[in-house]
Amino acid sequence: MPATFDVLSLIQPSGDLTLGNYFGAVANWVRLQDEQRCLFGIVDYHAMTVPFQPSKLRQRTWDMAIDLQACGLDPERCLLIVQSLVPEHTELAWIFACITPYSWAAKMTQFKDKSRQVEAQGASYSAGLLLYPILQAADILMYKAAHVPVGGDQDQHLELARDVARVFNREYADIFPEPTPLHTEAPKILSPADPTRKMSKSLGSKHVIGVFDDPDVIRRKVKSAVTDTGDAPADGALSPGVEGLLTLLDVSGCADEAQGFREEYARGNRRYAPLKEVVGDALVALTDPMRERRAALRAGRKAVKRQMGESSARAREIARATLAEVREATGLPPLPQ
Ligand code: TYM
């Protein structure tokens, strides 16, 4: 069975995009949209698996649609969807839930971590949290996607999607290609406040730099980034904080400048103020056009919603065709035309 999409990847509407999200995922998607048939989107059903507020959920979903486009995803060059506007995802997820052993879902690391986190907040975790990776399998297999660009954090979920495809193909009908992860060279973007950890919103606001932060906020966060005391370690190694800043410079398209600093530091000159200045400038220059596009898209919010509705409707046609095959194979009656 041929793949309907070469590439598929989705993101949760979890608030403002960070440089970690951008360099780790979205920048890659922007590049891929011109090379392959791609589907990207926002998974609002997934965001409901932990406690959520309805008004915030809706707001964040549209904001993410705007932000992805401001970063360069173009609905003319890829299919860009909102998951819940294709409600067939939940139907396929139900069918998959019924053919997936409970133990496969229960052993997922992310389920164990997140359920613990929710419990630590005094809430009880939902059955949806357990079903999360099965819904993710439905997202991917629905479109018969060949490759799924994801960070290492999603590998286990992708493995489950492959296992579900295998069970379905064996037991019912050979419908689903097994998707493979696409590990492009995603740089590890570190927290400026604690460069021994990955930049992540869950650590708190001082640990992240937002793509759409004001330029002076970006510069301030870079300036206060943790480095080292400036004494050259005997072995010439750079501290994680300095490496983190150099990585940011590399990925912002300033690899030559980064190399210049590396050479200077190798000679023993360990002044970091000039590096921070250059990193701040590079990040602001990179994100300036995105902030501008975001403002324009926000001014035309209605048009963005209409367009997301239209492209999700196109995805829905593909979803309906897949489900017709699945219903036939599993003994459910065909939907009346
Ligand atoms: P989410 O919303 O946490 O993250 C979206 C994507 O960004 C990748 N990512 C990173 N990659 C490298 N370095 C980082 N620092 C970094 N931070 C985030 C994530 O690996 C992910 O690919 N469960 C998914 C959403 C999802 C999905 C899907 C993804 C639902 N259905 C189907 C792919 C296919 C998630 O929570 O991603």
# chains A, B, ... in the order shown; residues from 1 in each chain; ligands from 1

$ residues_around --residues "segment 240-252 of chain A" --least-positions-apart "5" --cutoff "7 Å" --atoms "only C-alpha atoms" --output "ChimeraX atom specification"
/A:189-190,195-196,226-227,258,279,282-283,286

$ write_last_selection --atoms "all heavy atoms" --output "mmCIF file, in the first residue's frame"
data_model
loop_
_atom_site.group_PDB
_atom_site.id
_atom_site.type_symbol
_atom_site.label_atom_id
_atom_site.label_comp_id
_atom_site.auth_asym_id
_atom_site.auth_seq_id
_atom_site.Cartn_x
_atom_site.Cartn_y
_atom_site.Cartn_z
ATOM 1 N N ILE A 189 18.791 21.950 22.290
ATOM 2 C CA ILE A 189 18.753 23.333 22.766
ATOM 3 C C ILE A 189 18.593 23.304 24.292
ATOM 4 O O ILE A 189 17.672 22.683 24.817
ATOM 5 C CB ILE A 189 17.576 24.110 22.110
ATOM 6 C CG1 ILE A 189 17.666 24.021 20.576
ATOM 7 C CG2 ILE A 189 17.557 25.557 22.574
ATOM 8 C CD1 ILE A 189 18.905 24.610 19.958
ATOM 9 N N LEU A 190 19.539 23.989 24.980
ATOM 10 C CA LEU A 190 19.601 23.874 26.441
ATOM 11 C C LEU A 190 18.926 25.036 27.152
ATOM 12 O O LEU A 190 18.752 26.113 26.577
ATOM 13 C CB LEU A 190 21.076 23.791 26.860
ATOM 14 C CG LEU A 190 21.869 22.661 26.189
ATOM 15 C CD1 LEU A 190 23.350 22.792 26.502
ATOM 16 C CD2 LEU A 190 21.334 21.292 26.612
ATOM 17 N N PRO A 195 22.067 24.959 32.019
ATOM 18 C CA PRO A 195 22.455 24.320 30.743
ATOM 19 C C PRO A 195 22.801 22.851 30.847
ATOM 20 O O PRO A 195 23.258 22.269 29.870
ATOM 21 C CB PRO A 195 23.659 25.156 30.286
ATOM 22 C CG PRO A 195 24.162 25.823 31.507
ATOM 23 C CD PRO A 195 23.033 25.962 32.466
ATOM 24 N N THR A 196 22.561 22.247 32.010
ATOM 25 C CA THR A 196 22.720 20.792 32.055
ATOM 26 C C THR A 196 21.408 20.128 31.647
ATOM 27 O O THR A 196 21.322 18.915 31.542
ATOM 28 C CB THR A 196 23.102 20.296 33.468
ATOM 29 O OG1 THR A 196 22.049 20.665 34.369
ATOM 30 C CG2 THR A 196 24.415 20.898 33.937
ATOM 31 N N VAL A 226 23.682 31.143 32.016
ATOM 32 C CA VAL A 226 24.775 30.616 32.846
ATOM 33 C C VAL A 226 25.923 30.145 31.941
ATOM 34 O O VAL A 226 25.699 29.405 30.978
ATOM 35 C CB VAL A 226 24.258 29.423 33.688
ATOM 36 C CG1 VAL A 226 25.396 28.705 34.394
ATOM 37 C CG2 VAL A 226 23.212 29.908 34.690
ATOM 38 N N THR A 227 27.152 30.598 32.229
ATOM 39 C CA THR A 227 28.326 30.096 31.472
ATOM 40 C C THR A 227 29.293 29.468 32.486
ATOM 41 O O THR A 227 28.976 28.497 33.130
ATOM 42 C CB THR A 227 29.003 31.230 30.670
ATOM 43 O OG1 THR A 227 29.196 32.356 31.528
ATOM 44 C CG2 THR A 227 28.158 31.635 29.480
ATOM 45 N N ALA A 258 30.494 31.368 15.231
ATOM 46 C CA ALA A 258 30.627 30.389 16.316
ATOM 47 C C ALA A 258 32.027 29.768 16.280
ATOM 48 O O ALA A 258 32.686 29.620 17.313
ATOM 49 C CB ALA A 258 29.546 29.313 16.192
ATOM 50 N N VAL A 279 25.107 36.313 20.055
ATOM 51 C CA VAL A 279 24.004 35.342 20.082
ATOM 52 C C VAL A 279 22.673 36.094 20.158
ATOM 53 O O VAL A 279 21.719 35.784 19.426
ATOM 54 C CB VAL A 279 24.141 34.362 21.281
ATOM 55 C CG1 VAL A 279 22.891 33.506 21.423
ATOM 56 C CG2 VAL A 279 25.364 33.471 21.092
ATOM 57 N N ALA A 282 21.913 37.570 16.819
ATOM 58 C CA ALA A 282 21.574 36.546 15.818
ATOM 59 C C ALA A 282 20.144 36.050 16.031
ATOM 60 O O ALA A 282 19.376 35.879 15.075
ATOM 61 C CB ALA A 282 22.557 35.375 15.906
ATOM 62 N N LEU A 283 19.774 35.833 17.286
ATOM 63 C CA LEU A 283 18.427 35.315 17.567
ATOM 64 C C LEU A 283 17.368 36.367 17.221
ATOM 65 O O LEU A 283 16.317 36.035 16.663
ATOM 66 C CB LEU A 283 18.296 34.900 19.034
ATOM 67 C CG LEU A 283 19.074 33.640 19.425
ATOM 68 C CD1 LEU A 283 18.971 33.411 20.937
ATOM 69 C CD2 LEU A 283 18.554 32.412 18.668
ATOM 70 N N LEU A 286 17.028 36.507 13.492
ATOM 71 C CA LEU A 286 16.327 35.324 12.965
ATOM 72 C C LEU A 286 14.816 35.419 13.218
ATOM 73 O O LEU A 286 14.003 35.044 12.370
ATOM 74 C CB LEU A 286 16.876 34.064 13.650
ATOM 75 C CG LEU A 286 16.212 32.760 13.216
ATOM 76 C CD1 LEU A 286 16.880 32.222 11.947
ATOM 77 C CD2 LEU A 286 16.276 31.705 14.315
#

$ select_by_dssp --residues "segment 137-311 of chain A" --states "helix (DSSP H, G or I)" --output "ChimeraX atom specification"
/A:137-142,152-171,201-203,205-207,215-223,240-251,255-266,273-299,301-311

$ residues_near_ligand --ligand "ligand 1" --cutoff "8 Å" --atoms "only C-alpha atoms and all ligand atoms" --output "PyMOL selection string"
chain A and resi 8-14+20-26+42-43+46+132-133+135-137+139-140+148-154+157-158+186-190+198-200

$ residues_around --residues "segment 167-175 of chain A" --least-positions-apart "4" --cutoff "9 Å" --atoms "only C-alpha atoms" --output "PDB file with N, CA and C atoms, in the first residue's frame"
ATOM      1  N   MET A   1       0.844  -1.201   0.000  1.00  0.00           N
ATOM      2  CA  MET A   1       0.000   0.000   0.000  1.00  0.00           C
ATOM      3  C   MET A   1       0.884   1.259   0.000  1.00  0.00           C
ATOM      4  N   PHE A  96      -8.297   1.053  17.338  1.00  0.00           N
ATOM      5  CA  PHE A  96      -6.944   0.622  17.711  1.00  0.00           C
ATOM      6  C   PHE A  96      -6.879   0.256  19.197  1.00  0.00           C
ATOM      7  N   ILE A  99      -7.699  -3.248  19.835  1.00  0.00           N
ATOM      8  CA  ILE A  99      -6.834  -4.331  19.339  1.00  0.00           C
ATOM      9  C   ILE A  99      -5.420  -4.236  19.930  1.00  0.00           C
ATOM     10  N   THR A 100      -5.235  -3.260  20.838  1.00  0.00           N
ATOM     11  CA  THR A 100      -3.920  -3.064  21.451  1.00  0.00           C
ATOM     12  C   THR A 100      -3.934  -3.638  22.872  1.00  0.00           C
ATOM     13  N   LYS A 144      -1.478   7.044   6.406  1.00  0.00           N
ATOM     14  CA  LYS A 144      -0.513   6.112   5.810  1.00  0.00           C
ATOM     15  C   LYS A 144       0.835   6.803   5.570  1.00  0.00           C
ATOM     16  N   ARG A 162       3.949   1.415  15.111  1.00  0.00           N
ATOM     17  CA  ARG A 162       4.374   0.336  14.203  1.00  0.00           C
ATOM     18  C   ARG A 162       3.784  -1.001  14.643  1.00  0.00           C
ATOM     19  N   ASP A 163       3.791  -1.233  15.956  1.00  0.00           N
ATOM     20  CA  ASP A 163       3.236  -2.488  16.484  1.00  0.00           C
ATOM     21  C   ASP A 163       1.737  -2.588  16.192  1.00  0.00           C
ATOM     22  N   THR A 322      -9.767   6.071   4.639  1.00  0.00           N
ATOM     23  CA  THR A 322      -9.068   5.072   5.459  1.00  0.00           C
ATOM     24  C   THR A 322     -10.062   4.350   6.364  1.00  0.00           C
ATOM     25  N   GLU A 325     -12.095   1.641   4.765  1.00  0.00           N
ATOM     26  CA  GLU A 325     -11.329   0.382   4.655  1.00  0.00           C
ATOM     27  C   GLU A 325     -11.301  -0.344   5.994  1.00  0.00           C
ATOM     28  N   VAL A 326     -11.074   0.428   7.071  1.00  0.00           N
ATOM     29  CA  VAL A 326     -10.957  -0.163   8.405  1.00  0.00           C
ATOM     30  C   VAL A 326     -12.290  -0.752   8.854  1.00  0.00           C
ATOM     31  N   ALA A 329     -12.867  -3.971   7.087  1.00  0.00           N
ATOM     32  CA  ALA A 329     -11.987  -5.057   7.548  1.00  0.00           C
ATOM     33  C   ALA A 329     -12.363  -5.560   8.936  1.00  0.00           C
ATOM     34  N   THR A 330     -12.970  -4.684   9.767  1.00  0.00           N
ATOM     35  CA  THR A 330     -13.219  -5.074  11.156  1.00  0.00           C
ATOM     36  C   THR A 330     -14.663  -5.490  11.408  1.00  0.00           C
TER      37      THR A 330
END

$ select_by_dssp --residues "segment 26-186 of chain A" --states "strand (DSSP E)" --output "PyMOL selection string"
chain A and resi 38-42+79-82+145-149+180-182

$ write_last_selection --atoms "all heavy atoms" --output "compact mmCIF listing (two decimals), in the first residue's frame"
# COMPACT_ATOMS: atom_id res chain seq x y z
N CYS A 38 3.96 16.60 2.69
CA CYS A 38 3.96 16.68 4.16
C CYS A 38 2.59 17.01 4.72
O CYS A 38 1.84 17.80 4.14
CB CYS A 38 4.90 17.80 4.62
SG CYS A 38 6.62 17.53 4.22
N LEU A 39 2.29 16.42 5.87
CA LEU A 39 1.13 16.81 6.67
C LEU A 39 1.63 17.21 8.06
O LEU A 39 2.37 16.45 8.69
CB LEU A 39 0.13 15.66 6.79
CG LEU A 39 -1.17 15.99 7.53
CD1 LEU A 39 -2.34 15.13 6.99
CD2 LEU A 39 -1.08 15.80 9.04
N PHE A 40 1.25 18.41 8.49
CA PHE A 40 1.60 18.86 9.83
C PHE A 40 0.33 19.33 10.53
O PHE A 40 -0.67 19.63 9.88
CB PHE A 40 2.61 20.01 9.78
CG PHE A 40 3.91 19.64 9.11
CD1 PHE A 40 4.30 20.25 7.92
CD2 PHE A 40 4.73 18.66 9.66
CE1 PHE A 40 5.48 19.89 7.28
CE2 PHE A 40 5.92 18.30 9.03
CZ PHE A 40 6.29 18.92 7.84
N GLY A 41 0.37 19.41 11.85
CA GLY A 41 -0.85 19.87 12.50
C GLY A 41 -0.73 19.99 14.01
O GLY A 41 0.32 19.74 14.61
N ILE A 42 -1.86 20.38 14.57
CA ILE A 42 -1.94 20.70 15.99
C ILE A 42 -2.88 19.70 16.67
O ILE A 42 -4.03 19.54 16.23
CB ILE A 42 -2.49 22.13 16.15
CG1 ILE A 42 -1.58 23.09 15.38
CG2 ILE A 42 -2.61 22.53 17.61
CD1 ILE A 42 -2.30 24.28 14.84
N LEU A 79 -0.06 20.13 3.98
CA LEU A 79 -1.43 20.06 4.51
C LEU A 79 -1.33 20.33 6.01
O LEU A 79 -0.63 19.62 6.73
CB LEU A 79 -2.04 18.70 4.22
CG LEU A 79 -3.55 18.59 4.47
CD1 LEU A 79 -4.33 19.61 3.64
CD2 LEU A 79 -4.05 17.19 4.12
N LEU A 80 -2.01 21.38 6.46
CA LEU A 80 -1.89 21.83 7.85
C LEU A 80 -3.25 21.67 8.51
O LEU A 80 -4.23 22.28 8.07
CB LEU A 80 -1.46 23.30 7.82
CG LEU A 80 -0.91 23.94 9.08
CD1 LEU A 80 0.25 23.14 9.65
CD2 LEU A 80 -0.43 25.36 8.77
N ILE A 81 -3.31 20.84 9.55
CA ILE A 81 -4.63 20.51 10.11
C ILE A 81 -4.73 20.80 11.62
O ILE A 81 -3.73 20.90 12.32
CB ILE A 81 -4.97 19.01 9.90
CG1 ILE A 81 -4.07 18.10 10.75
CG2 ILE A 81 -4.84 18.63 8.42
CD1 ILE A 81 -4.61 16.67 10.91
N VAL A 82 -5.97 20.91 12.06
CA VAL A 82 -6.26 20.85 13.50
C VAL A 82 -6.88 19.47 13.73
O VAL A 82 -7.88 19.12 13.10
CB VAL A 82 -7.25 21.96 13.92
CG1 VAL A 82 -7.69 21.77 15.36
CG2 VAL A 82 -6.62 23.35 13.74
N ALA A 145 1.28 7.49 6.63
CA ALA A 145 2.51 8.29 6.49
C ALA A 145 3.73 7.39 6.51
O ALA A 145 3.78 6.39 7.24
CB ALA A 145 2.59 9.30 7.63
N ALA A 146 4.73 7.74 5.71
CA ALA A 146 5.95 6.93 5.63
C ALA A 146 6.93 7.30 6.75
O ALA A 146 7.48 6.43 7.41
CB ALA A 146 6.61 7.12 4.27
N HIS A 147 7.15 8.60 6.94
CA HIS A 147 8.19 9.05 7.88
C HIS A 147 7.61 10.05 8.87
O HIS A 147 6.82 10.92 8.50
CB HIS A 147 9.34 9.72 7.14
CG HIS A 147 9.96 8.83 6.10
ND1 HIS A 147 10.68 7.71 6.44
CD2 HIS A 147 9.92 8.88 4.76
CE1 HIS A 147 11.08 7.12 5.33
NE2 HIS A 147 10.62 7.80 4.30
N VAL A 148 8.05 9.91 10.10
CA VAL A 148 7.55 10.82 11.14
C VAL A 148 8.75 11.49 11.82
O VAL A 148 9.47 10.86 12.59
CB VAL A 148 6.72 10.04 12.19
CG1 VAL A 148 6.12 10.98 13.21
CG2 VAL A 148 5.62 9.24 11.50
N PRO A 149 9.01 12.77 11.48
CA PRO A 149 10.11 13.45 12.16
C PRO A 149 9.74 13.77 13.59
O PRO A 149 8.77 14.49 13.84
CB PRO A 149 10.30 14.75 11.34
CG PRO A 149 9.04 14.95 10.58
CD PRO A 149 8.33 13.63 10.50
N THR A 180 8.24 5.04 9.81
CA THR A 180 9.57 5.05 10.44
C THR A 180 9.86 6.45 10.99
O THR A 180 9.43 7.45 10.42
CB THR A 180 10.68 4.69 9.43
OG1 THR A 180 10.54 5.57 8.30
CG2 THR A 180 10.57 3.27 8.96
N PRO A 181 10.60 6.50 12.10
CA PRO A 181 10.96 7.83 12.63
C PRO A 181 11.99 8.48 11.71
O PRO A 181 12.77 7.78 11.07
CB PRO A 181 11.57 7.52 14.00
CG PRO A 181 11.98 6.10 13.96
CD PRO A 181 11.14 5.42 12.92
N LEU A 182 11.94 9.78 11.64
CA LEU A 182 12.90 10.52 10.83
C LEU A 182 13.72 11.36 11.80
O LEU A 182 13.23 12.36 12.32
CB LEU A 182 12.14 11.41 9.85
CG LEU A 182 12.92 12.06 8.73
CD1 LEU A 182 13.47 11.03 7.78
CD2 LEU A 182 12.02 13.02 7.95
